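Okay, query33.csv is below, CSV, C-alpha atoms:
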chain,number,residue,atom,x,y,z
A,1,MET,CA,55.0,-158.4,-57.4
A,2,ALA,CA,52.4,-157.4,-54.8
A,3,MET,CA,52.2,-161.0,-53.6
A,4,TYR,CA,56.0,-161.2,-53.4
A,5,THR,CA,56.1,-158.0,-51.3
A,6,VAL,CA,53.4,-159.4,-48.9
A,7,LEU,CA,55.4,-162.6,-48.5
A,8,VAL,CA,58.6,-160.7,-47.7
A,9,ILE,CA,56.7,-158.6,-45.1
A,10,LEU,CA,55.3,-161.7,-43.5
A,11,CYS,CA,58.7,-163.3,-43.3
A,12,CYS,CA,60.1,-160.2,-41.6
A,13,LEU,CA,57.3,-160.2,-39.1
A,14,GLN,CA,57.7,-164.0,-38.3
A,15,ALA,CA,58.1,-164.4,-34.6
A,16,THR,CA,57.8,-168.1,-34.1
A,17,VAL,CA,60.6,-170.6,-34.3
A,18,ALA,CA,59.7,-174.4,-34.4
A,19,LEU,CA,62.4,-177.0,-34.6
A,20,TYR,CA,63.8,-180.2,-33.1
A,21,PHE,CA,67.3,-181.2,-32.2
A,22,HIS,CA,69.2,-184.1,-30.8
A,23,ILE,CA,71.2,-183.9,-27.6
A,24,GLY,CA,73.6,-186.3,-25.9
A,25,GLU,CA,73.8,-187.3,-22.3
A,26,THR,CA,76.2,-184.5,-21.3
A,27,GLU,CA,75.5,-182.1,-24.1
A,28,ARG,CA,74.2,-178.6,-23.8
A,29,LYS,CA,72.4,-176.8,-26.7
A,30,CYS,CA,72.2,-173.1,-27.0
A,31,PHE,CA,70.2,-170.9,-29.3
A,32,ILE,CA,70.4,-167.1,-29.9
A,33,GLU,CA,67.1,-165.2,-30.2
A,34,GLU,CA,67.0,-161.5,-31.0
A,35,ILE,CA,64.2,-160.0,-28.9
A,36,PRO,CA,63.0,-156.4,-28.4
A,37,ASP,CA,62.8,-155.1,-24.9
A,38,GLU,CA,59.7,-155.8,-22.7
A,39,THR,CA,58.6,-158.7,-24.9
A,40,MET,CA,57.2,-161.9,-23.6
A,41,VAL,CA,58.6,-165.2,-24.9
A,42,VAL,CA,56.9,-168.6,-24.5
A,43,ALA,CA,58.7,-171.8,-25.5
A,44,ILE,CA,56.9,-175.1,-25.7
A,45,TYR,CA,59.1,-178.2,-25.7
A,46,LYS,CA,58.8,-182.0,-25.6
A,47,VAL,CA,61.6,-184.5,-24.9
A,48,GLU,CA,61.8,-188.0,-26.5
A,49,ALA,CA,64.4,-190.7,-26.1
A,50,PHE,CA,65.6,-193.3,-28.7
A,51,ASP,CA,64.1,-196.7,-28.0
A,52,ASN,CA,66.4,-199.5,-29.4
A,53,ASP,CA,63.5,-202.0,-29.4
A,54,VAL,CA,61.2,-200.0,-31.7
A,55,LYS,CA,64.1,-198.1,-33.4
A,56,ASP,CA,62.3,-194.8,-32.9
A,57,TYR,CA,62.0,-191.9,-30.4
A,58,MET,CA,59.5,-192.4,-27.7
A,59,PRO,CA,58.3,-190.4,-24.7
A,60,VAL,CA,60.8,-190.4,-21.9
A,61,SER,CA,60.5,-191.4,-18.2
A,62,PRO,CA,58.9,-188.7,-16.0
A,63,SER,CA,62.2,-188.5,-14.1
A,64,ILE,CA,63.9,-187.1,-17.1
A,65,GLY,CA,63.6,-183.3,-17.5
A,66,MET,CA,65.3,-180.3,-19.0
A,67,HIS,CA,67.2,-177.5,-17.4
A,68,VAL,CA,66.8,-174.2,-19.0
A,69,ASP,CA,69.1,-171.2,-18.8
A,70,VAL,CA,68.3,-167.8,-20.4
A,71,THR,CA,70.7,-164.9,-20.4
A,72,ASP,CA,70.2,-161.4,-21.8
A,73,PRO,CA,72.6,-159.3,-23.9
A,74,ASP,CA,74.4,-158.1,-20.8
A,75,GLY,CA,75.1,-161.6,-19.6
A,76,LYS,CA,72.5,-161.4,-16.8
A,77,ILE,CA,70.5,-164.5,-16.0
A,78,VAL,CA,66.8,-164.1,-16.9
A,79,LEU,CA,65.7,-167.6,-16.3
A,80,SER,CA,67.4,-170.7,-14.7
A,81,ARG,CA,65.1,-173.6,-13.8
A,82,THR,CA,64.6,-177.3,-14.3
A,83,TYR,CA,61.4,-178.4,-15.9
A,84,ALA,CA,59.7,-181.7,-16.6
A,85,ALA,CA,60.1,-183.8,-19.8
A,86,GLU,CA,57.3,-181.9,-21.5
A,87,GLY,CA,55.9,-178.4,-20.9
A,88,ARG,CA,56.6,-174.8,-21.4
A,89,PHE,CA,58.8,-172.0,-20.0
A,90,THR,CA,58.1,-168.3,-20.1
A,91,PHE,CA,60.2,-165.2,-19.6
A,92,THR,CA,60.1,-161.5,-20.4
A,93,SER,CA,63.0,-159.6,-21.9
A,94,HIS,CA,64.0,-156.3,-20.2
A,95,THR,CA,66.9,-155.5,-22.6
A,96,ALA,CA,66.7,-155.5,-26.4
A,97,GLY,CA,69.2,-157.7,-28.1
A,98,GLU,CA,70.4,-161.3,-28.4
A,99,HIS,CA,69.2,-163.6,-25.7
A,100,VAL,CA,70.9,-167.0,-25.3
A,101,ILE,CA,68.6,-169.9,-24.5
A,102,CYS,CA,70.4,-173.0,-23.4
A,103,LEU,CA,68.9,-176.5,-22.6
A,104,ASN,CA,70.5,-179.6,-21.2
A,105,SER,CA,69.2,-182.8,-19.5
A,106,ASN,CA,68.8,-182.7,-15.7
A,107,SER,CA,70.0,-186.4,-15.5
A,108,SER,CA,73.5,-187.9,-15.9
A,109,ALA,CA,72.3,-191.5,-16.4
A,110,TRP,CA,69.6,-192.6,-18.7
A,111,PHE,CA,68.0,-196.0,-19.3
A,112,ASN,CA,70.3,-197.5,-21.9
A,113,SER,CA,69.9,-194.4,-24.0
A,114,GLY,CA,72.5,-191.9,-25.0
A,115,GLN,CA,70.5,-189.5,-27.2
A,116,LEU,CA,67.4,-187.4,-26.8
A,117,ARG,CA,65.3,-185.6,-29.3
A,118,VAL,CA,63.9,-182.2,-28.1
A,119,HIS,CA,61.1,-180.5,-29.9
A,120,LEU,CA,61.2,-176.8,-29.3
A,121,ASP,CA,58.7,-174.1,-30.4
A,122,ILE,CA,59.6,-170.5,-29.5
A,123,ASN,CA,56.9,-167.9,-29.7
A,124,VAL,CA,57.8,-164.2,-29.3
A,125,GLY,CA,55.5,-161.2,-28.7
A,126,GLU,CA,51.9,-161.5,-29.6
A,127,HIS,CA,52.5,-165.0,-30.9
A,128,ALA,CA,53.1,-166.0,-27.3
A,129,VAL,CA,49.7,-164.9,-26.1
A,130,ASP,CA,46.9,-167.4,-25.8
A,131,TYR,CA,44.0,-165.2,-27.0
A,132,GLN,CA,41.4,-167.9,-26.4
A,133,GLN,CA,42.3,-167.8,-22.7
A,134,VAL,CA,42.3,-164.0,-22.8
A,135,GLN,CA,38.8,-164.0,-24.4
A,136,ALA,CA,37.5,-166.4,-21.8
A,137,LYS,CA,39.0,-164.5,-18.9
A,138,ASP,CA,38.0,-161.0,-20.0
A,139,LYS,CA,34.8,-162.1,-21.6
A,140,LEU,CA,35.5,-160.4,-24.9
A,141,THR,CA,33.5,-160.6,-28.1
A,142,GLU,CA,35.1,-161.7,-31.3
A,143,LEU,CA,35.4,-158.1,-32.5
A,144,GLN,CA,36.9,-157.0,-29.2
A,145,LEU,CA,39.4,-159.9,-29.3
A,146,ARG,CA,40.4,-159.0,-32.8
A,147,VAL,CA,41.0,-155.4,-31.8
A,148,ARG,CA,43.1,-156.7,-28.9
A,149,GLN,CA,45.2,-158.8,-31.3
A,150,LEU,CA,45.7,-155.9,-33.7
A,151,LEU,CA,46.8,-153.6,-30.9
A,152,ASP,CA,49.2,-156.2,-29.7
A,153,GLN,CA,50.6,-156.6,-33.2
A,154,VAL,CA,51.0,-152.8,-33.6
A,155,GLU,CA,52.8,-152.7,-30.3
A,156,GLN,CA,55.1,-155.6,-31.3
A,157,ILE,CA,55.9,-154.0,-34.7
A,158,THR,CA,56.7,-150.7,-32.9
A,159,LYS,CA,59.1,-152.6,-30.6
A,160,GLU,CA,60.7,-154.3,-33.5
A,161,GLN,CA,61.2,-151.0,-35.4
A,162,ASN,CA,62.7,-149.4,-32.4
A,163,TYR,CA,65.1,-152.4,-31.9
A,164,GLN,CA,66.1,-152.4,-35.6
A,165,ARG,CA,66.6,-148.6,-35.4
A,166,ASP,CA,68.9,-149.1,-32.4
A,167,ARG,CA,70.8,-151.8,-34.3
A,168,GLU,CA,71.2,-149.5,-37.2
A,169,VAL,CA,72.6,-146.8,-35.0
A,170,ARG,CA,75.1,-149.2,-33.4
A,171,PHE,CA,76.1,-150.5,-36.9
A,172,ARG,CA,76.6,-147.0,-38.2
A,173,ASN,CA,78.7,-146.0,-35.2
A,174,THR,CA,80.8,-149.2,-35.6
A,175,SER,CA,81.3,-148.5,-39.3
A,176,GLU,CA,82.3,-144.9,-38.7
A,177,SER,CA,84.7,-146.0,-36.0
A,178,THR,CA,86.2,-148.6,-38.3
A,179,ASN,CA,86.6,-146.1,-41.1
A,180,VAL,CA,88.4,-143.6,-38.8
A,181,ARG,CA,90.8,-146.3,-37.6
A,182,VAL,CA,91.5,-147.4,-41.2
A,183,LEU,CA,92.2,-143.8,-42.2
A,184,LEU,CA,94.4,-143.2,-39.2
A,185,TRP,CA,96.4,-146.4,-40.0
A,186,ALA,CA,96.8,-145.2,-43.6
A,187,VAL,CA,98.1,-141.8,-42.4
A,188,ILE,CA,100.5,-143.5,-40.0
A,189,GLN,CA,101.8,-145.7,-42.8
A,190,ILE,CA,102.3,-142.7,-45.1
A,191,ALA,CA,104.1,-140.8,-42.3
A,192,ALA,CA,106.3,-143.8,-41.6
A,193,VAL,CA,107.3,-144.1,-45.3
A,194,LEU,CA,108.0,-140.3,-45.5
A,195,CYS,CA,110.1,-140.4,-42.4
A,196,THR,CA,112.1,-143.4,-43.6
A,197,GLY,CA,112.6,-141.7,-47.0
A,198,ILE,CA,113.9,-138.5,-45.4
A,199,TRP,CA,116.2,-140.4,-43.0
A,200,GLN,CA,117.6,-142.4,-45.9
A,201,TYR,CA,118.2,-139.1,-47.9
A,202,TRP,CA,120.1,-137.4,-45.2
A,203,HIS,CA,122.0,-140.6,-44.3
A,204,LEU,CA,123.1,-141.1,-48.0
A,205,LYS,CA,123.9,-137.4,-48.4
A,206,GLY,CA,126.1,-137.5,-45.3
A,207,PHE,CA,127.8,-140.7,-46.6
A,208,PHE,CA,128.5,-139.2,-50.0
A,209,ILE,CA,129.9,-136.0,-48.4
A,210,GLU,CA,132.1,-138.0,-46.1
A,211,LYS,CA,133.5,-140.1,-49.0
A,212,LYS,CA,133.9,-136.9,-51.0
A,213,LEU,CA,131.8,-138.3,-53.8
A,214,VAL,CA,129.9,-135.0,-54.2
Is it possible to give me this structure as structure tokens?
Amino acid sequence: MAMYTVLVILCCLQATVALYFHIGETERKCFIEEIPDETMVVAIYKVEAFDNDVKDYMPVSPSIGMHVDVTDPDGKIVLSRTYAAEGRFTFTSHTAGEHVICLNSNSSAWFNSGQLRVHLDINVGEHAVDYQQVQAKDKLTELQLRVRQLLDQVEQITKEQNYQRDREVRFRNTSESTNVRVLLWAVIQIAAVLCTGIWQYWHLKGFFIEKKLV
């Protein structure tokens, strides 16, 4: 049970996404990443093209690259730039929420190829920090570096908690608003039925009196 709990916690704290996907000549692929505010994101990518001679994906020509667009939850452009066929791009979120990361080829004509394979590795928060470089730059000992990592992890966990708390508040407000609307609609339906019933009663009563049936 303890091991299961640890695994669940580790899964919840996972902040790295590694995948690959295929993209056509005119295709555009987009991914949604939920990111807390003031959090650095580093994405490492590599583009390969299908080679009909070897029947496998091989490195592409240096002239082929990827155009990257990143928008925040408000629809504002965070990053829009064309990169080489292999490399990395970095951005920092200023608004918590769903960020849309879109990639497409910067070329409209490839060498007898119509499909690319793009390897993408997205690192969020402390996972995006190269601590070996930090250690060499700041001349930190192993203990100091470990303390720095722990502090960054605590800060990232705090940001995640704040973001989840904000999401919970928005969800609760949406649920309460939906419940109020459902109740209001039920009240309107009951009122309409009562009004219809009363109108039918008086209409029938007047009809019976007019026909001298009562």
Within 6 Å of segment 22-45 of chain A, which residues of segment 83-163 of chain A show up? Give each one with its shortest atom-to-atom distance in Å (one decimal) and the two atoms involved, counting only C-alpha atoms, rows by chain then rising residue number, as CSV.
residue,atom,partner,partner_atom,distance
A:Glu86,CA,A:Tyr45,CA,5.9
A:Gly87,CA,A:Tyr45,CA,5.8
A:Arg88,CA,A:Ile44,CA,4.3
A:Phe89,CA,A:Ala43,CA,5.5
A:Thr90,CA,A:Val42,CA,4.6
A:Phe91,CA,A:Val41,CA,5.5
A:Thr92,CA,A:Met40,CA,4.3
A:Ser93,CA,A:Glu38,CA,5.1
A:His94,CA,A:Asp37,CA,5.0
A:Thr95,CA,A:Asp37,CA,4.7
A:Ala96,CA,A:Asp37,CA,4.2
A:Gly97,CA,A:Glu34,CA,5.3
A:Glu98,CA,A:Glu34,CA,4.3
A:His99,CA,A:Glu33,CA,5.2
A:Val100,CA,A:Ile32,CA,4.6
A:Ile101,CA,A:Phe31,CA,5.2
A:Cys102,CA,A:Cys30,CA,4.0
A:Leu103,CA,A:Lys29,CA,5.4
A:Asn104,CA,A:Arg28,CA,4.6
A:Gly114,CA,A:Glu25,CA,5.5
A:Gln115,CA,A:Gly24,CA,4.6
A:Leu116,CA,A:Ile23,CA,5.2
A:Arg117,CA,A:His22,CA,4.4
A:His119,CA,A:Tyr45,CA,5.2
A:Leu120,CA,A:Tyr45,CA,4.4
A:Asp121,CA,A:Ile44,CA,5.1
A:Ile122,CA,A:Ala43,CA,4.3
A:Asn123,CA,A:Val42,CA,5.2
A:Val124,CA,A:Val41,CA,4.6
A:Gly125,CA,A:Met40,CA,5.4
A:Ala128,CA,A:Val42,CA,5.4
A:Lys159,CA,A:Pro36,CA,5.9
A:Glu160,CA,A:Pro36,CA,6.0
A:Tyr163,CA,A:Pro36,CA,5.7
* Just give me the gap between atom CA of Ala85 of chain A and atom CA of Ser105 of chain A in Å, one decimal is fine. => 9.2 Å
* **Nearest candidate to Ala18 of chain A (options A:Leu184, A:Leu143, A:Val118, A:Met58; using all atoms listed in the file)** =>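 Of A:Leu184, A:Leu143, A:Val118, A:Met58, the one nearest Ala18 of chain A, counting all atoms listed in the file, is A:Val118.
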* Of the candidates A:Trp199, A:Tyr20, A:Val78, A:Ala84, which one gets nearest to Ser61 of chain A if we count all atoms listed in the file? ->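 That would be A:Ala84, the residue with the smallest distance to Ser61 of chain A.
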* Please, what distance in Å, to one decimal, runs between atom CA of Tyr131 of chain A and atom CA of Arg146 of chain A? ->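 If I compute the distance from atom CA of Tyr131 of chain A to atom CA of Arg146 of chain A, I get 9.2 Å.
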* To do: Would you mind reading off the distance between atom CA of Gln164 of chain A and atom CA of Val182 of chain A, one decimal, in Å?
  =>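 Between atom CA of Gln164 of chain A and atom CA of Val182 of chain A the gap is 26.5 Å.
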